[in-house]
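Asks: Have a look at the structure that comes next, please.
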There are 2 protein chains.
Amino acid sequence: MPKGYAGKKLEVDLTTQSIEKKPLEADLIKNFIGGTGFAIKILYDNLKPGIDPFSPENIVVFAAGPAQGTLVPGSGRCITVSKSPLTGSTFRSCFGGFFGPELKYAGCDLIVIRGRSEKPVFLYVNDGDVQLRSAQQLWGSSTYTTQDTLRDEIDDKKLQVACIGPAGENLVRFSSIVHDIHVGGRGGLGAVMGSKKLKAIAVRGTKEVEVADDDGIRELWKEVSRKVKESVTTRNLSVFGTTFMVASINKVGGLGTRNWQEEFFEGWEKITGETTVPKYKIKDLACHSCPIGCVKVQKIREGKHRGVWSKGPEYETLYSLGSLLGVDDFGAIVAAARACDELGLDTISTGVNVAFAMECSERGILRQEETNGLDLRFGNGEALIECIRNIANREGWLGRTLAEGVKRASEVIGLGSQYLAMHVKGLELAGHSPRAIKGWGLGYSVANRGGSHHDARVHSLDYGKPVEERAFTIEGKPEGVASTQESAVIGDSLIVCRLFESIYGLSVGQEHCRVLRLTTGRDVEVPELVRAAERIYNLERCFAVREGFTRRDDALPMRIMFESIPEGPSKGAQTKPRELKTMLDRFYAIRGWDLESGKPTQEKLNELGLDYAARDIWGE
Amino acid sequence: MPKGYAGKKLEVDLTTQSIEKKPLEADLIKNFIGGTGFAIKILYDNLKPGIDPFSPENIVVFAAGPAQGTLVPGSGRCITVSKSPLTGSTFRSCFGGFFGPELKYAGCDLIVIRGRSEKPVFLYVNDGDVQLRSAQQLWGSSTYTTQDTLRDEIDDKKLQVACIGPAGENLVRFSSIVHDIHVGGRGGLGAVMGSKKLKAIAVRGTKEVEVADDDGIRELWKEVSRKVKESVTTRNLSVFGTTFMVASINKVGGLGTRNWQEEFFEGWEKITGETTVPKYKIKDLACHSCPIGCVKVQKIREGKHRGVWSKGPEYETLYSLGSLLGVDDFGAIVAAARACDELGLDTISTGVNVAFAMECSERGILRQEETNGLDLRFGNGEALIECIRNIANREGWLGRTLAEGVKRASEVIGLGSQYLAMHVKGLELAGHSPRAIKGWGLGYSVANRGGSHHDARVHSLDYGKPVEERAFTIEGKPEGVASTQESAVIGDSLIVCRLFESIYGLSVGQEHCRVLRLTTGRDVEVPELVRAAERIYNLERCFAVREGFTRRDDALPMRIMFESIPEGPSKGAQTKPRELKTMLDRFYAIRGWDLESGKPTQEKLNELGLDYAARDIWGE
């Protein structure tokens, strides 16, 4: 067994209810590192182009990397990958906690699930013993109840569960997968599980993960722990989690407000972590092997939502359920976030959908009788909470329509509402401004996942820079996007948490090599790891190309391209089509992609050992 | 044989090269009047939903009505109908001259053409003798050369020809059908003929059309001729043709300028008829039985385009090839119009496509290397002329892309250019402002043809009104749209020319009944004729519904809904989604259509005797 890996994958077919345990292929280990790399390769090889994400043919992969189950700092992660019902291409969603490590303890690097069960089931992995069991009793339960029930039934407090809520069962296209209070939110992978009638995966393992250099990892732990204390960013993360970013992002005038009509939220102070954490925090939590401990549980002490607690809410949720909706009632945001987590909805996509509906309402595109009677004005936090329930349960015309995601909803609603639908490739925009941080204009547009903040990571490069540099020049942005995409891909393959990126590096570097070496013993140099990143990223792009995506899909919402930020510190910033086009050309050149089609060139693919993909997308 | 009709239809199958002559069905005559009514019913009955407009299954109908070949004023018209390659639904395009009357002289009310010839052919109808002949020698010829050649070859100066140019042969989706110098421009029916390898139809007839009341028609002629001289509008049409409308429409601030970014054109005076006609007119022409004689031929006397003449250009062309492109060089407009007519391109759609490309260029969405090297700035008349040739010949990437129409082009070009594509249901916007004349906002949106000015005719009601009434209120607009649609449908079924609408009436009335009575002897009252109009209009709507159109397709370009007119006499006017929605609801209620889907209700369809259509769109 190769060091750093469990060396096994589980293959589960829900149609036949069969389970197979297979050795991990040497090619996967050598060329695709782990986690995301493994999963993308498996999706590429196994999914015929054009299949419906909700069909039994689709597969869901849960994958760990060489860091899981070790002391490598930030290794409490797991990745899930599937063909997304929102975007129609591959989607990788990462979540924290203990699930990834536990998978390794149970002797698996990977679980690959296909088919569709007739009745609700859950997968129970107990070291070598793997079973499909009935989840009939759990169907309809919230994500928290599901986990509690499984731990009770199996009578194992250390059982690690990843599950879906009612939203996933109801095939809401932006349903999440929830583990503990951590969320694999984006891309609707919860709905793919729902379509397979797979309510949960419960894992328990007792094996140790053998690593190449135990002492080296201990050394790394000490070093990273020290750096975490030294850096302002990671120190802030330790104290506030991601919640403090509301203030800092609003300060640069890049906080999406009222469906991105504005990017400065007058109510920022009421919802940012500096205000709320001292007042409402009841608990700090950390994932496996984490010297940061970013998870803050906050509980409301007064008013209508007194007694409601929620994880975070994270920055992205404070954006999507707060500023984006003009909601500054922190109690309502916490209650809404909690509802999303329990119902199994991605908070970002949910917020963008509600913001869309609110703007449609204010513009008379939707009338109150079409919004299930809700008064969808910006700022109405109580309507938000109702709307979340409508969506998760597909209740009423509004619930059914928004459950399809903002792209499809706008196509159904028409009346020009497409202009108000803030998405890229069908994925609702995350909380980093593609105008105030112009690199994001490019980053979102080329992301294989669409409007995700986990492809490129340019904000980490740009937030501190003067406005001229971050918002009014395209210089250097394509390079920043390309290199951060690569470190993100390697980070998600090893897997180490994104919040450590200031420590491990925003481009693929020595520290990434070090993690791979310490865990696997593989003595890899930076260029080889960069090539691995490119290989994974390009294979993911080839999947999209095979599905019909072209250069024209690398675009931004029209509002971003045709309206500038009206007020605030980034006033006048806009990512015009002209600028995006120039950035795309440069980015494609850096990537070795064809300028006209946006397809990776044959030369580039051959260079990366992806000859089969070259044949697929260019023909013989 | 019923009076007012020839009583026969020709059925031509180009695949089998067979020709059949059949009697006109009594049901058609009774329920569908003639012209448009006949053609819509035939299309509905004969086309299966979902067929490709360029497939042999599609049919093209040429139809006359009871007025053709008589002295009824304004009866020099013919209607062509087919499934449009631009919109994907039925399209009716009307043209003037002598073709419609000649069809009747040759003993036909209708020609129905299906199939696809292997080699280019033309249809020669010489009274009772009907043949398909080779058009190999004509393939590639301009529309004017084609007509001259056919008249020479057949050696008959009175031969009436309707034909296509190179654009139609090249399947440019907005290709026209040209007869003499008259044009059946819109909807791309020329491309449908091209797809069938049908270059032309040449007709010669010697039979008289028997009418019910010869004296009565003579009386009508006198009366209408007198009214033409009395009315300012028709007097202006006699002197200037439609060219004077540039000044009057610009005066109300509703002249589409630079791709509808503005609606006031500073160069209006250089291109309006009051300026050009006195200087450049070389000939007045009238269609059959026309006391107006609106066709002005103008010839450039100086500069680069010295010696070039063109019919008109009509108002719509002065808009689309002039103000809409910021071109105030009248010589360039005449040369561009002439090029369109000879190549067989609809000037309106051509102009809107070029305006789109110009705005894309100015915004950096298209670069000069993507525009066949053309410098597509607004105002560049010479680039316009080159661009027209590129489109007609599908030359270069730009030519090929724009040849698909602005909707498809914007989808290919992406980068938010959909926002700049000024079309409704795929048909490029005509030159009547949907903001300055708010009724047009509704009129275009619900038109079965999309952005056509020949469905509703609300400008005729509204241009004279104060700005508050025409641009800033929705009151009365749905009623105006509904009633003018009906008079337009009846006008196009009888067929009488649209320019007489101020005389025959902007709602179905006594004068329409009179025309039908005088020609056919049928003593019809207004309510019955209104019902016939509704029957035809609703059947056309059912065709669209069957093709998948719903309420959401009754929309406007985003710019019209989200931007107001920035300057000029209609400054601030906008047709907001809220307003459109309210007008749609009211309009559907008037029409007896389902509010949610926009489908005609079963009750309405049954009331109109369209039970079969009710079954088709609602099921049993």
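Residues are named by chain letter and number: chains run A, B, ... in the order of the structure tokens, numbers start at 1 in each chain, and ligands are numbered from 1 in the order shown.
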I need the chain A residues near chain B as a list in words; criterion: at most 6 Å, counting only C-alpha atoms.
Replies: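 That gives Gly364, Ile365, Gly414, Leu415, Gly416, Arg552, Ala555, Met558, Pro577 and Arg578 of chain A for chain A.
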Asks: Name all residues at most 7 Å from B:Glu11 (count only C-alpha atoms; drop same-chain ones fewer than 6 positions away) and give them as a ChimeraX atom specification.
Replies: /B:19-21,111-113
Asks: Near stretch 170-187 of chain A, within 8 Å and counting only C-alpha atoms, which residues show up once chain neighbours fewer than 2 positions away are dropped, as JSON, numbers by chain?
Replies: {"A": [80, 84, 85, 86, 87, 91, 92, 93, 94, 95, 96, 97, 99, 143, 144, 147, 160, 161, 162, 163, 164, 165, 166, 167, 168, 189, 190, 191, 192, 194, 195, 311, 341, 344, 345, 346, 347, 348, 349, 350, 391, 392, 393, 394, 403, 404, 405, 427, 449]}
Asks: What parts of stretch 34-276 of chain B does DSSP call helix (DSSP H, G or I)? I'd like the answer as a ChimeraX atom specification.
Replies: /B:35-46,99-105,143-154,166-169,186-195,214-230,232-251,268-271,273-276
Asks: List as a PyMOL selection string the protein and nucleic acid residues near stretch 374-381 of chain B, meaning an atom at most 10 Å away when only C-alpha atoms are counted, but skip any in the same chain fewer than 3 places from it.
Replies: chain B and resi 257-259+321-333+335-336+354-362+366-371+384-387+398
Asks: When you look at B:Ser310 with a cut-off of 8 Å (counting only C-alpha atoms), what residues show up, excluding the ones that are within fewer than 5 positions of it in the same chain? I need them as a PyMOL selection string.
Replies: chain B and resi 297-299+334-335+337-338
